[in-house]
Amino acid sequence: MTTSTCQCILLPEMCSCEVPVGTSLQDALSLLDVEVIVPCGGEGTCGKCRVEAHGALSPLAPDERALLNQAQLEAGIRLACQARLEGDVQVSVPAASRTPDMRILLGGTMRQIQAEPAVFKKTVQPTEQTLEEAHSRLEHLRRCGDLRADLRADLDLLRRLPSVLGDGANTVTAVVRDDQLLDVESGDTSDRCFGIALDLGTTTVVASLVDLKSGRELAHAATVNQQTSFGHDVIGRINATLEREDGLQQLQKAALRSIDDVIDQVLQKTQIDRHEVYEATLVGNSTMMHLFLGISPESLGKLPYISIVGDPVVEPAHRFGLELHPAARLYVMPNIAGFVGADTVGAILAASLDEDDGRTRLIADIGTNCEIALRLGNRLLVTSTPAGPAFEGARIACGMYAAPGAIEEVHIDGDIVCKTIDGEPARGLCGSGLVDASAELLRAGIVDFTGRMLAPDELDGQLNAALRERLIEGEEGLAFILAAPDPDAPIVFTQRDMRELQLAKAAIRTGIDLLLEHAGLSVGDLDEFCIAGGFGSYIDKANAMHLGLIPELPEEKLNFIGNGALVGARLALLSRTLRRRGDQVARAAEHLQLAHTPDFQMRYSEAMMFAEE
């Protein structure tokens with residue numbers, strides 16, 4: 001039985017693909033290398049994947065009727081995740097619906113270490129062998145290079161040794177990883193030894209190319225995690241593995257494509273060959289690690305939130321389809337417990353929380369999931385809390401990634417003043433702008449301490465005309481106009497946006513406070529409060545404290561360390577000692593499961609509120 005097919009034609013590019021009848025517009029566009037924004041994972045609840053499509057399409061889905069107005073429907077606007085092809089279709093995708101080039105935090109503070117990578121090279125000049133030295137060529141190589149006596153070589157390398165070593169005394173370079181001889185290269189290649197550190201985030205994937213001899217970072221690159229089309233948070237990804245046919249395999253392949261993309265970027269920047277990369281390290285949250293390894297994360301999605309893997313995983317990189325040196329290894333850093341994953345281990349190493357320096361220090365890695373770690377003497381306490389994707393622009397009326405045109409700063413000075421990334425015309429609101437807008441509206445009295453946006457008639461005499469005119473009645477209730485590059489489609493901040501911000505900030509603050517209380521501490525006992533993560537590094541500290549997102553602390557106690565997870569992956573790439581410390585951290589950390597804290601719900605509800613002015 002043959003399957004009927006149809007064409008999806010992308011305008012204005014005029015490229016097309018042939019797909020089976022019944023394929024969603026989202027999947028068809030993906031085949032044309034156009035990734036649309038789908039924060040809800042294709043559930044049809046966010047309305048972000050709007051495209052203009054004409055042709056033989058499935059009838060309107062209930063979610064499309066609910067999220068699209070009559071004018072949009074008449075113009076052919078559909079939701080790419082809901083509309084399915086029943087015949088040939090022409091589709092155009094507006095910039096607002098395409099996954100943009102994001103501003104992604106690529107690096108962070110690097111602690112000083114003694115470089116001792118797992119992989120190193122040594123130049124060897126074998127002497128001519130005599131009858132008195134009739135041992136094997138491999139043994140002769142070990143002796144001439146003063147290499148460890150138990151150095152092993154696999155069968156593939158043994159088969160290549162005759163052609164590399166020859167019969168004479170040739171200069172060669174031994175590539176060594178622990179007790180394994182990875183390769184023997186002709187000539188002196190000791191200056192060409194590279195590794196890659198990888199951070200597989202829920203939203204973004206980042207790579208750092210490192211010279212293993214000098215310890216220098218040579219290049220870095222970032223991209224959007226292609227798994228975002230399955231949902232913007234870890235619960236959406238877990239559900240996708242359970243609800244979609246071959247869902248786990250699809251998510252694993254999406255992660256691998258994203259990783260391969262950033263590897264390709266850093267190698268192109270440096271003109272380094274893939275076969276010169278001998279080691280890679282990988283961090284990510286618990287769900288990301290399971291999905292990358294092809295392990296079902298089902299147990300993470302239900303009580304008591306147990307992970308399948310906690311120990312580090314070391315495997316040949318080619319097992320995952322990563323084209324590096326044929327003998328290259330991938331070191332997947334360990335998870336701690338529940339949703340406290342390898343990215344937290346990386347951030348702990350980056351902030352030096354793996355050792356007691358006499359200070360009481362806390363680190364919060366703020367992202368879609370917020371992981372928190374506290375160093376108190378010889379104790380290391382950790383927890384995690386689901387901040388949700390609001391800071392990534394999901395579930396926010398005009399929310400978007402931190403990309404050109406995103407409003408990143410908001411000030412009220414008589415009227416609203418907005419700053420966009422790269423100074424481009426406003427397209428939407430990113431996470432740092434969301435924090436600023438919330439804080440400024442709270443200060444102006446437009447939002448009260450409960451998070452309720454006040455109507456114009458409740459603000460008589462409190463607002464000037466410029467601000468008053470920005471309060472409008474939108475499709476979902478009250479909204480405040482932040483910018484209007486297109487008067488017919490202004491960038492607004494809504495009452496629902498305020499509630500999403502409150503949910504995220506309450507989750508983060510409750511996690512911080514309960515972890516401190518579990519250790520018998522208060523905020524005042526902290527000597528240092530570290531903030532890690534891309535979003536955390538761009539927020540305005542004063543506004544974050546005003547909202548209660550982070551505690552009120554003196555400036556000198558706050559420290560932004562950037563992408564701590566990636567820095568930790570680089571440290572593990574360069575130092576076997578820190579790699580071992582990371583393993584010890586994962587085993588020794590005390591994990592607090594917030595859901596089991598008796599007054600969690602009450603504290604969470606209290607944290608939704610703001611301090612009364």
# chains A, B, ... in the order shown; residues from 1 in each chain; ligands from 1
>>> residues_around(residues="stretch 419-433 of chain A", least_positions_apart="2", cutoff="9 Å", atoms="only C-alpha atoms", output="count of residues only")
38
>>> select_by_dssp(residues="stretch 423-525 of chain A", states="strand (DSSP E or B)", output="VMD selection string")
chain A and resid 428 to 429 447 453 471 to 474 477 to 483 491 to 494
>>> write_last_selection(atoms="N, CA and C atoms", output="mmCIF file, in the first residue's frame")
data_model
loop_
_atom_site.group_PDB
_atom_site.id
_atom_site.type_symbol
_atom_site.label_atom_id
_atom_site.label_comp_id
_atom_site.auth_asym_id
_atom_site.auth_seq_id
_atom_site.Cartn_x
_atom_site.Cartn_y
_atom_site.Cartn_z
ATOM 1 N N GLY A 428 10.041 41.813 20.618
ATOM 2 C CA GLY A 428 9.445 41.071 21.718
ATOM 3 C C GLY A 428 10.205 41.360 22.996
ATOM 4 N N LEU A 429 9.967 40.530 23.999
ATOM 5 C CA LEU A 429 10.499 40.746 25.341
ATOM 6 C C LEU A 429 11.268 39.506 25.781
ATOM 7 N N VAL A 447 1.398 47.942 39.125
ATOM 8 C CA VAL A 447 1.189 46.591 39.655
ATOM 9 C C VAL A 447 1.299 46.667 41.169
ATOM 10 N N MET A 453 -2.323 43.878 38.118
ATOM 11 C CA MET A 453 -2.183 45.093 37.332
ATOM 12 C C MET A 453 -3.440 45.934 37.520
ATOM 13 N N LEU A 471 -1.749 51.835 29.182
ATOM 14 C CA LEU A 471 -2.596 50.790 29.775
ATOM 15 C C LEU A 471 -3.802 50.554 28.873
ATOM 16 N N ILE A 472 -3.924 49.353 28.367
ATOM 17 C CA ILE A 472 -5.013 49.036 27.445
ATOM 18 C C ILE A 472 -5.701 47.745 27.884
ATOM 19 N N GLU A 473 -6.864 47.537 27.364
ATOM 20 C CA GLU A 473 -7.587 46.287 27.576
ATOM 21 C C GLU A 473 -7.269 45.377 26.394
ATOM 22 N N GLY A 474 -6.488 44.330 26.634
ATOM 23 C CA GLY A 474 -6.098 43.419 25.572
ATOM 24 C C GLY A 474 -7.001 42.207 25.484
ATOM 25 N N GLY A 477 -7.172 40.575 28.935
ATOM 26 C CA GLY A 477 -7.290 41.476 30.073
ATOM 27 C C GLY A 477 -6.345 42.647 29.944
ATOM 28 N N LEU A 478 -5.991 43.246 31.077
ATOM 29 C CA LEU A 478 -5.148 44.432 31.072
ATOM 30 C C LEU A 478 -3.760 44.140 30.515
ATOM 31 N N ALA A 479 -3.229 45.128 29.797
ATOM 32 C CA ALA A 479 -1.886 45.017 29.244
ATOM 33 C C ALA A 479 -1.259 46.404 29.225
ATOM 34 N N PHE A 480 0.076 46.413 29.258
ATOM 35 C CA PHE A 480 0.815 47.676 29.240
ATOM 36 C C PHE A 480 1.708 47.674 28.005
ATOM 37 N N ILE A 481 1.584 48.723 27.177
ATOM 38 C CA ILE A 481 2.362 48.803 25.943
ATOM 39 C C ILE A 481 3.794 49.225 26.268
ATOM 40 N N LEU A 482 4.748 48.372 25.923
ATOM 41 C CA LEU A 482 6.165 48.686 26.118
ATOM 42 C C LEU A 482 6.748 49.401 24.907
ATOM 43 N N ALA A 483 6.366 48.970 23.727
ATOM 44 C CA ALA A 483 6.855 49.571 22.479
ATOM 45 C C ALA A 483 5.850 49.268 21.384
ATOM 46 N N ILE A 491 4.175 45.723 21.314
ATOM 47 C CA ILE A 491 4.826 44.814 22.258
ATOM 48 C C ILE A 491 4.263 45.137 23.637
ATOM 49 N N VAL A 492 3.564 44.189 24.239
ATOM 50 C CA VAL A 492 2.872 44.459 25.493
ATOM 51 C C VAL A 492 3.353 43.547 26.617
ATOM 52 N N PHE A 493 3.126 44.026 27.832
ATOM 53 C CA PHE A 493 3.344 43.244 29.048
ATOM 54 C C PHE A 493 1.966 43.066 29.673
ATOM 55 N N THR A 494 1.536 41.822 29.866
ATOM 56 C CA THR A 494 0.166 41.559 30.280
ATOM 57 C C THR A 494 0.070 41.093 31.729
#
>>> atom_distance(atom1="atom CA of A:Ala350", atom2="atom CA of A:Gly564")
5.4 Å
>>> residues_around(residues="A:Pro551", least_positions_apart="4", cutoff="9 Å", atoms="only C-alpha atoms", output="mmCIF file with C-alpha atoms, in the first residue's frame")
data_model
loop_
_atom_site.group_PDB
_atom_site.id
_atom_site.type_symbol
_atom_site.label_atom_id
_atom_site.label_comp_id
_atom_site.auth_asym_id
_atom_site.auth_seq_id
_atom_site.Cartn_x
_atom_site.Cartn_y
_atom_site.Cartn_z
ATOM 1 C CA ARG A 509 13.345 32.208 45.924
ATOM 2 C CA ILE A 512 17.072 29.430 48.011
ATOM 3 C CA ASP A 513 15.316 30.112 51.312
ATOM 4 C CA VAL A 523 20.590 35.083 54.093
ATOM 5 C CA ALA A 544 16.016 41.191 40.782
ATOM 6 C CA MET A 545 16.329 42.054 44.473
ATOM 7 C CA HIS A 546 13.374 44.466 44.319
#
>>> closest_atom_pairs(of="stretch 37-142 of chain A", to="stretch 149-153 of chain A", cutoff="10 Å", atoms="only C-alpha atoms", output="CSV")
residue,atom,partner,partner_atom,distance
A:Leu138,CA,A:Ala153,CA,8.5
A:Glu139,CA,A:Ala149,CA,8.1
A:Arg142,CA,A:Ala149,CA,6.7
>>> atom_distance(atom1="atom CA of A:Gly215", atom2="atom CA of A:Val332")
19.7 Å
>>> decode(residues="stretch 66-121 of chain A", atoms="C-alpha atoms", output="compact mmCIF listing (two decimals), in the first residue's frame")
# COMPACT_ATOMS: atom_id res chain seq x y z
CA ALA A 66 -9.01 29.96 20.53
CA LEU A 67 -5.63 31.61 19.85
CA LEU A 68 -6.19 33.27 16.46
CA ASN A 69 -8.59 36.14 15.82
CA GLN A 70 -10.87 36.44 12.83
CA ALA A 71 -8.58 38.80 10.90
CA GLN A 72 -5.67 36.37 11.29
CA LEU A 73 -7.75 33.42 10.17
CA GLU A 74 -8.94 35.31 7.10
CA ALA A 75 -5.27 36.10 6.26
CA GLY A 76 -4.42 32.39 6.30
CA ILE A 77 -2.59 32.37 9.64
CA ARG A 78 -2.29 28.88 11.12
CA LEU A 79 -0.40 27.24 13.98
CA ALA A 80 2.39 25.15 12.46
CA CYS A 81 2.15 22.53 15.20
CA GLN A 82 -1.60 21.99 14.65
CA ALA A 83 -2.20 22.40 10.92
CA ARG A 84 -1.60 19.29 8.78
CA LEU A 85 -1.09 18.98 5.07
CA GLU A 86 -3.90 17.29 3.13
CA GLY A 87 -2.45 18.33 -0.22
CA ASP A 88 0.02 20.82 -1.68
CA VAL A 89 0.57 23.89 0.52
CA GLN A 90 2.44 27.17 0.22
CA VAL A 91 3.71 28.58 3.51
CA SER A 92 5.66 31.62 4.64
CA VAL A 93 7.17 31.91 8.11
CA PRO A 94 7.47 35.39 9.69
CA ALA A 95 10.66 36.26 11.56
CA ALA A 96 8.78 36.30 14.88
CA SER A 97 7.98 32.59 14.49
CA ARG A 98 11.44 31.43 13.45
CA THR A 99 14.03 30.29 15.95
CA PRO A 100 16.36 33.31 16.02
CA ASP A 101 20.10 33.69 16.39
CA MET A 102 20.21 33.97 20.16
CA ARG A 103 22.53 35.94 22.39
CA ILE A 104 23.99 33.11 24.41
CA LEU A 105 26.46 33.40 27.26
CA LEU A 106 29.49 31.53 26.00
CA GLY A 107 31.97 31.72 28.84
CA GLY A 108 32.56 32.61 32.43
CA THR A 109 35.12 33.03 35.15
CA MET A 110 37.84 30.35 34.94
CA ARG A 111 39.55 29.37 38.19
CA GLN A 112 43.32 28.96 38.19
CA ILE A 113 44.38 25.32 37.90
CA GLN A 114 47.39 23.19 37.10
CA ALA A 115 46.67 21.69 33.68
CA GLU A 116 46.79 17.89 33.75
CA PRO A 117 44.49 16.67 30.97
CA ALA A 118 43.55 13.03 30.59
CA VAL A 119 44.96 13.11 27.05
CA PHE A 120 48.49 14.23 26.24
CA LYS A 121 51.04 13.78 23.46
